[in-house]
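Please read the structure below before turning to the comments.
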Amino acid sequence: MGKRSVVPFGPQHPVLPEPVHLDLVIEDEKIVEAVPSIGFVHRGLESLIAKKDYNEMVYVAERTCGICSFMHGMAYVESIESIMNVEVPDRAKFLRTIWAEMSRIHSHLLWLGLLADAFGYESLFYQCWRIRENVLDLIELSTGGRVIFSVNKVGGVIKDMDSDMLAHFLRELDKIEEEIREIQKTFLLDYSVETRLKGVGYLSKQQAHDLGCVGPFGRASGLPSDTRTRGYEAYPQIDFEPIVSEIGDSYARCECRILELYQSIDIIRQAIAKIPDGELSVQVKGNPDGEVFTRVEQPRGEAIYYVKGEGKANLNRLRIRTPTFANLPGLCETLKGADYADVPILILTIDPCISCTER
Amino acid sequence: MSNIFNFTPTVLKNLFHKPVTKNYPAEPAQYPERSRGHIEIDIDECISCGMCVRSCPTGCLAVDRNEGTWTINRFDCIACGYCTLKCPKKCLHLTPGYQTPGPQKKEAVYQKSPEVLEAERKKAAEAAAKAAAAKAAAAAKAAAAKAAAEQAQPAAESAAAAKE
């Protein structure tokens with residue numbers, strides 16, 4: 001048995017895009033224990049409800065995260081709509097679904113690029129982000145923003161997509177799918193990638209369940225948790241199954257996310273085929289009075305919004321639980337027994353979004 | 001060992017493909033029509049109601065009704081477009097083209113043209129005069145009604161006394 005020592009990892013580290021600190025207790029080259037600490041980028045977004053009225057807060061909620069921004073805005077407006085019993089028009093629901101899946105594609109492609117970067121495959125990283133650029137172009141064309149969409153409002157959406165734009169989406173998605181198929185081979189079949197991913201960071205289904213893992217991280221361990229099956233927005237009218245893998249290692253997490261890319265493209269195609277005509281939004285009057293929990297499936301997993309209003313323009317309480325926060329205990333479990341050199345990959349496999357965890 | 005050549009077709013394609021990046025700034029960036037670049041105002045349409053100021057999540061706007069100015073701190077603006085939704089005259093709109101960097105966080109001030117401002121002041125003065133006249137008329141009417149009531153009251157009292 002070797003001597004135990006503690007190696008601090010982060011908050012500033014070349015593989016970490018965002019600040020999280022881990023105290024790694026190592027014995028020789030093996031991790032024995034990992035102690036996380038967060039709190040380096042707290043922004044106090046939740047307390048802004050005291051200053052902004054509930055309509056302005058849509059734009060604040062959207063800025064919780066720089067990648068799944070649309071879904072944060074969507075979860076927030078959905079919470080307010082369910083408190084105020086607002087029935088959103090069907091067209092707005094379908095548009096929200098399309099944009100949500102677009103942001104899932106862009107988030108997963110970003111993650112694949114970062115993973116390639118973490119195991120040192122720079123040219124694969126470029127290819128992923130090249131494809132992601134096309135997705136961002138589509139998002140900018142339809143909403144006006146590349147990352148922050150700002151198309152949600154309480155009662156519906158602000159911008160519409162005409163049939164020409166939807167047809168353009170379908171054409172571009174065909175090209176994007178073809179390109180993903182090309183790089184998928186490298187991720188799933190390449191010898192050097194397999195050596196870095198297979199059998200690394202194993203998490204069993206029971207562990208994933210006990211530690212409350214969510215999203216692709218939990219699904220790769222066989223936990224069939226996908227909040228989209230709860231049936232919000234237009235998802236009840238769309239045919240899809242959660243993508244689950246029984247393997248539970250880093251390779252399975254990568255595979256799950258790649259398969260989810262195809263699933264998202266398929267969901268967008270179904271939504272475009274079924275989108276009805278009609279109004280984009282309904283007039284909302286009055287102030288929210290009541291409280292609600294809303295759960296939405298973000299690219300990283302399930303996000304929970306707790307909103308409480310007391311009949312005033314300013315909300316009483318807003319609480320956001322992001323998927324990264326739920327996945328941190330699972331990360332510490334996967335780190336146990338791993339090689340020190342695999343730590344960057346293991347941190348990446350939960351797709352950490354520390355800034356939204358700290359809100 | 002066939003599993004080590006998966007990336008080769010992509011590499012070969014890359015070698016003979018022109019770059020996917022743009023040669024910016026020699027080749028100018030193209031923004032779509034909906035791009036949320038910056039806020040523009042048709043200042044002469046503006047009625048200085050201040051709805052945009054109250055709605056702005058970052059508080060980067062200011063309106064001076066007397067001077068006829070509309071001020072925006074473009075470095076604080078997040079181009080969310082909420083003011084364009086709230087504007088009753090729809091004189092605010094988002095146009096493509098991002099805010100360029102600068103050495104100072106200067107505010108951009110938009111001034112109404114003198115003719116519009118003069119016309120507005122005239123209109124406001126007329127409205128004020130009209131309101132004052134209406135107020136005076138209402139006061140005179142009220143005074144007349146009061147006097148009539150006072151006259152009627154002694155008569156009623158004397159009538160009641162006669163009845164008794």
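The chains in the structure tokens are called A, B, ... from first to last as shown; in each chain the residues are counted from 1, and the ligands are counted from 1 in the order shown.
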Quick one: which chain B residues come within 12 Å of chain A, and what is the nearest atom pair for each with the distance in Å to one decimal, counting only C-alpha atoms, rows ordered by chain and ascending number, as JSON lines?
{"residue": "B:Met1", "atom": "CA", "partner": "A:Tyr191", "partner_atom": "CA", "distance": 7.8}
{"residue": "B:Ser2", "atom": "CA", "partner": "A:Tyr191", "partner_atom": "CA", "distance": 8.7}
{"residue": "B:Asn3", "atom": "CA", "partner": "A:Asp190", "partner_atom": "CA", "distance": 5.0}
{"residue": "B:Ile4", "atom": "CA", "partner": "A:Asp190", "partner_atom": "CA", "distance": 5.5}
{"residue": "B:Phe5", "atom": "CA", "partner": "A:Asp190", "partner_atom": "CA", "distance": 7.6}
{"residue": "B:Asn6", "atom": "CA", "partner": "A:Thr186", "partner_atom": "CA", "distance": 5.4}
{"residue": "B:Phe7", "atom": "CA", "partner": "A:Thr186", "partner_atom": "CA", "distance": 5.8}
{"residue": "B:Thr8", "atom": "CA", "partner": "A:Thr186", "partner_atom": "CA", "distance": 9.5}
{"residue": "B:Pro9", "atom": "CA", "partner": "A:Glu182", "partner_atom": "CA", "distance": 8.8}
{"residue": "B:Thr10", "atom": "CA", "partner": "A:Glu182", "partner_atom": "CA", "distance": 7.7}
{"residue": "B:Val11", "atom": "CA", "partner": "A:Ser123", "partner_atom": "CA", "distance": 8.6}
{"residue": "B:Lys13", "atom": "CA", "partner": "A:Glu182", "partner_atom": "CA", "distance": 11.5}
{"residue": "B:Asn14", "atom": "CA", "partner": "A:Gln127", "partner_atom": "CA", "distance": 9.7}
{"residue": "B:Pro19", "atom": "CA", "partner": "A:Arg130", "partner_atom": "CA", "distance": 10.6}
{"residue": "B:Val20", "atom": "CA", "partner": "A:Arg130", "partner_atom": "CA", "distance": 7.7}
{"residue": "B:Thr21", "atom": "CA", "partner": "A:Arg130", "partner_atom": "CA", "distance": 8.9}
{"residue": "B:Gln30", "atom": "CA", "partner": "A:Asp137", "partner_atom": "CA", "distance": 10.6}
{"residue": "B:Tyr31", "atom": "CA", "partner": "A:Leu141", "partner_atom": "CA", "distance": 8.4}
{"residue": "B:Pro32", "atom": "CA", "partner": "A:Leu141", "partner_atom": "CA", "distance": 5.5}
{"residue": "B:Glu33", "atom": "CA", "partner": "A:Leu141", "partner_atom": "CA", "distance": 7.5}
{"residue": "B:Arg34", "atom": "CA", "partner": "A:Gly144", "partner_atom": "CA", "distance": 4.6}
{"residue": "B:Ser35", "atom": "CA", "partner": "A:Gly144", "partner_atom": "CA", "distance": 3.8}
{"residue": "B:Arg36", "atom": "CA", "partner": "A:Gly144", "partner_atom": "CA", "distance": 5.0}
{"residue": "B:Gly37", "atom": "CA", "partner": "A:Gly144", "partner_atom": "CA", "distance": 8.2}
{"residue": "B:His38", "atom": "CA", "partner": "A:Gly144", "partner_atom": "CA", "distance": 11.1}
{"residue": "B:Cys52", "atom": "CA", "partner": "A:Glu56", "partner_atom": "CA", "distance": 11.8}
{"residue": "B:Arg54", "atom": "CA", "partner": "A:Lys52", "partner_atom": "CA", "distance": 10.1}
{"residue": "B:Ser55", "atom": "CA", "partner": "A:Glu56", "partner_atom": "CA", "distance": 7.1}
{"residue": "B:Cys56", "atom": "CA", "partner": "A:Glu56", "partner_atom": "CA", "distance": 7.6}
{"residue": "B:Pro57", "atom": "CA", "partner": "A:Glu56", "partner_atom": "CA", "distance": 5.8}
{"residue": "B:Thr58", "atom": "CA", "partner": "A:Lys52", "partner_atom": "CA", "distance": 9.4}
{"residue": "B:Gly59", "atom": "CA", "partner": "A:Lys52", "partner_atom": "CA", "distance": 10.4}
{"residue": "B:Ile78", "atom": "CA", "partner": "A:Tyr59", "partner_atom": "CA", "distance": 9.3}
{"residue": "B:Ala79", "atom": "CA", "partner": "A:Ser150", "partner_atom": "CA", "distance": 9.0}
{"residue": "B:Cys80", "atom": "CA", "partner": "A:Ser150", "partner_atom": "CA", "distance": 6.0}
{"residue": "B:Gly81", "atom": "CA", "partner": "A:Ser150", "partner_atom": "CA", "distance": 7.8}
{"residue": "B:Tyr82", "atom": "CA", "partner": "A:Glu56", "partner_atom": "CA", "distance": 7.7}
{"residue": "B:Cys83", "atom": "CA", "partner": "A:Glu56", "partner_atom": "CA", "distance": 10.2}
{"residue": "B:Thr84", "atom": "CA", "partner": "A:Ile158", "partner_atom": "CA", "distance": 11.2}
{"residue": "B:Leu85", "atom": "CA", "partner": "A:Ile158", "partner_atom": "CA", "distance": 9.0}
{"residue": "B:Lys86", "atom": "CA", "partner": "A:Asn55", "partner_atom": "CA", "distance": 11.0}
{"residue": "B:Leu94", "atom": "CA", "partner": "A:Gly144", "partner_atom": "CA", "distance": 9.4}
{"residue": "B:Thr95", "atom": "CA", "partner": "A:Gly144", "partner_atom": "CA", "distance": 9.7}
{"residue": "B:Pro96", "atom": "CA", "partner": "A:Gly144", "partner_atom": "CA", "distance": 8.7}
{"residue": "B:Gly97", "atom": "CA", "partner": "A:Gly144", "partner_atom": "CA", "distance": 11.3}
{"residue": "B:Tyr98", "atom": "CA", "partner": "A:Gly145", "partner_atom": "CA", "distance": 11.2}
Exercise. What's the 9 Å shell around Arg65 of chain B, counting only C-alpha atoms, without same-chain residues fewer than 5 positions away, as a ChimeraX atom specification?
Worked result: /B:47-50,70
Problem set entry | Residues of segment 193-304 of chain A in strand (DSSP E or B), written as a list in words |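 Output for segment 193-304 of chain A, strand (DSSP E or B) only: Ser281, Asp289, Gly290, Glu291, Val292, Phe293, Thr294, Arg295, Val296, Glu297, Gln298, Gly301, Glu302, Ala303 and Ile304 of chain A.
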List the spatial neighbours of Met71 of chain A as a PDB file with N, CA and C atoms, in the first residue's frame - criterion: any atom at most 10 Å away, only C-alpha atoms, same-chain residues fewer than 4 positions off excluded.
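Just written: around17.pdb:
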ATOM      1  N   ALA A  61     -33.541  34.455 -16.148  1.00  0.00           N
ATOM      2  CA  ALA A  61     -33.516  32.996 -16.039  1.00  0.00           C
ATOM      3  C   ALA A  61     -32.773  32.387 -17.225  1.00  0.00           C
ATOM      4  N   GLU A  62     -32.959  33.002 -18.400  1.00  0.00           N
ATOM      5  CA  GLU A  62     -32.296  32.487 -19.600  1.00  0.00           C
ATOM      6  C   GLU A  62     -30.786  32.557 -19.498  1.00  0.00           C
ATOM      7  N   THR A  64     -29.023  31.990 -16.939  1.00  0.00           N
ATOM      8  CA  THR A  64     -28.469  31.087 -15.929  1.00  0.00           C
ATOM      9  C   THR A  64     -27.344  30.272 -16.550  1.00  0.00           C
ATOM     10  N   CYS A  65     -27.576  29.793 -17.767  1.00  0.00           N
ATOM     11  CA  CYS A  65     -26.583  28.938 -18.417  1.00  0.00           C
ATOM     12  C   CYS A  65     -26.297  29.487 -19.806  1.00  0.00           C
ATOM     13  N   ILE A  67     -25.345  27.572 -22.302  1.00  0.00           N
ATOM     14  CA  ILE A  67     -25.489  26.536 -23.325  1.00  0.00           C
ATOM     15  C   ILE A  67     -26.935  26.080 -23.401  1.00  0.00           C
ATOM     16  N   ALA A  75     -38.266  26.551 -18.840  1.00  0.00           N
ATOM     17  CA  ALA A  75     -38.700  26.014 -17.545  1.00  0.00           C
ATOM     18  C   ALA A  75     -39.316  27.119 -16.702  1.00  0.00           C
ATOM     19  N   TYR A  76     -38.718  28.296 -16.768  1.00  0.00           N
ATOM     20  CA  TYR A  76     -39.230  29.416 -15.966  1.00  0.00           C
ATOM     21  C   TYR A  76     -40.618  29.837 -16.440  1.00  0.00           C
ATOM     22  N   VAL A  77     -40.772  30.064 -17.768  1.00  0.00           N
ATOM     23  CA  VAL A  77     -42.092  30.517 -18.238  1.00  0.00           C
ATOM     24  C   VAL A  77     -43.137  29.424 -18.025  1.00  0.00           C
ATOM     25  N   ARG A  96     -41.326  25.736 -29.245  1.00  0.00           N
ATOM     26  CA  ARG A  96     -40.447  25.571 -28.081  1.00  0.00           C
ATOM     27  C   ARG A  96     -39.745  24.221 -28.133  1.00  0.00           C
ATOM     28  N   THR A  97     -40.486  23.182 -28.535  1.00  0.00           N
ATOM     29  CA  THR A  97     -39.886  21.854 -28.614  1.00  0.00           C
ATOM     30  C   THR A  97     -38.758  21.838 -29.644  1.00  0.00           C
ATOM     31  N   TRP A  99     -36.925  24.349 -30.711  1.00  0.00           N
ATOM     32  CA  TRP A  99     -35.755  25.096 -30.242  1.00  0.00           C
ATOM     33  C   TRP A  99     -35.043  24.360 -29.106  1.00  0.00           C
ATOM     34  N   ALA A 100     -35.814  23.700 -28.248  1.00  0.00           N
ATOM     35  CA  ALA A 100     -35.193  22.954 -27.150  1.00  0.00           C
ATOM     36  C   ALA A 100     -34.308  21.842 -27.699  1.00  0.00           C
ATOM     37  N   GLU A 101     -34.806  21.144 -28.718  1.00  0.00           N
ATOM     38  CA  GLU A 101     -34.004  20.050 -29.276  1.00  0.00           C
ATOM     39  C   GLU A 101     -32.801  20.590 -30.054  1.00  0.00           C
ATOM     40  N   SER A 103     -31.135  23.165 -29.164  1.00  0.00           N
ATOM     41  CA  SER A 103     -30.090  23.475 -28.185  1.00  0.00           C
ATOM     42  C   SER A 103     -29.503  22.198 -27.592  1.00  0.00           C
ATOM     43  N   ARG A 104     -30.278  21.108 -27.590  1.00  0.00           N
ATOM     44  CA  ARG A 104     -29.696  19.839 -27.139  1.00  0.00           C
ATOM     45  C   ARG A 104     -28.621  19.380 -28.133  1.00  0.00           C
ATOM     46  N   PHE A 149     -31.396  32.773 -26.791  1.00  0.00           N
ATOM     47  CA  PHE A 149     -32.415  32.879 -27.846  1.00  0.00           C
ATOM     48  C   PHE A 149     -33.371  34.055 -27.621  1.00  0.00           C
ATOM     49  N   ASN A 152     -38.722  33.352 -25.633  1.00  0.00           N
ATOM     50  CA  ASN A 152     -39.801  32.938 -24.742  1.00  0.00           C
ATOM     51  C   ASN A 152     -40.423  34.138 -24.064  1.00  0.00           C
ATOM     52  N   VAL A 296     -37.757  19.958 -16.220  1.00  0.00           N
ATOM     53  CA  VAL A 296     -37.542  19.840 -17.664  1.00  0.00           C
ATOM     54  C   VAL A 296     -36.253  19.051 -17.900  1.00  0.00           C
ATOM     55  N   GLU A 297     -36.189  18.420 -19.066  1.00  0.00           N
ATOM     56  CA  GLU A 297     -34.994  17.649 -19.413  1.00  0.00           C
ATOM     57  C   GLU A 297     -34.056  18.542 -20.210  1.00  0.00           C
ATOM     58  N   GLN A 298     -32.940  18.893 -19.600  1.00  0.00           N
ATOM     59  CA  GLN A 298     -31.936  19.678 -20.294  1.00  0.00           C
ATOM     60  C   GLN A 298     -30.910  18.729 -20.898  1.00  0.00           C
ATOM     61  N   PRO A 299     -29.992  19.243 -21.736  1.00  0.00           N
ATOM     62  CA  PRO A 299     -28.982  18.353 -22.305  1.00  0.00           C
ATOM     63  C   PRO A 299     -28.213  17.572 -21.242  1.00  0.00           C
ATOM     64  N   ALA A 303     -33.597  19.428 -14.839  1.00  0.00           N
ATOM     65  CA  ALA A 303     -33.488  20.660 -14.062  1.00  0.00           C
ATOM     66  C   ALA A 303     -34.813  20.891 -13.352  1.00  0.00           C
TER      67      ALA A 303
END
For this session: Name the residues of segment 224-345 of chain A that come out as alpha helix (DSSP H) in a backbone DSSP run; write them as a PyMOL selection string.
Result: chain A and resi 250-274+323-335+343-345
For this session: Determine, counting only C-alpha atoms, which protein, DNA and RNA residues have an atom within 8 Å of an atom of Gly10 of chain A; residues of the same chain fewer than 5 positions away are not included. Present the result as a list in words.
Result: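 Within the cut-off, the hits are Leu16, Pro19, Val20, His21 and Leu22 of chain A.
Using only C-alpha atoms, the nearest neighbour of Arg295 of chain A within the list A:Ser107, A:Ser79, A:Gln207, A:Gln12 is A:Ser79.
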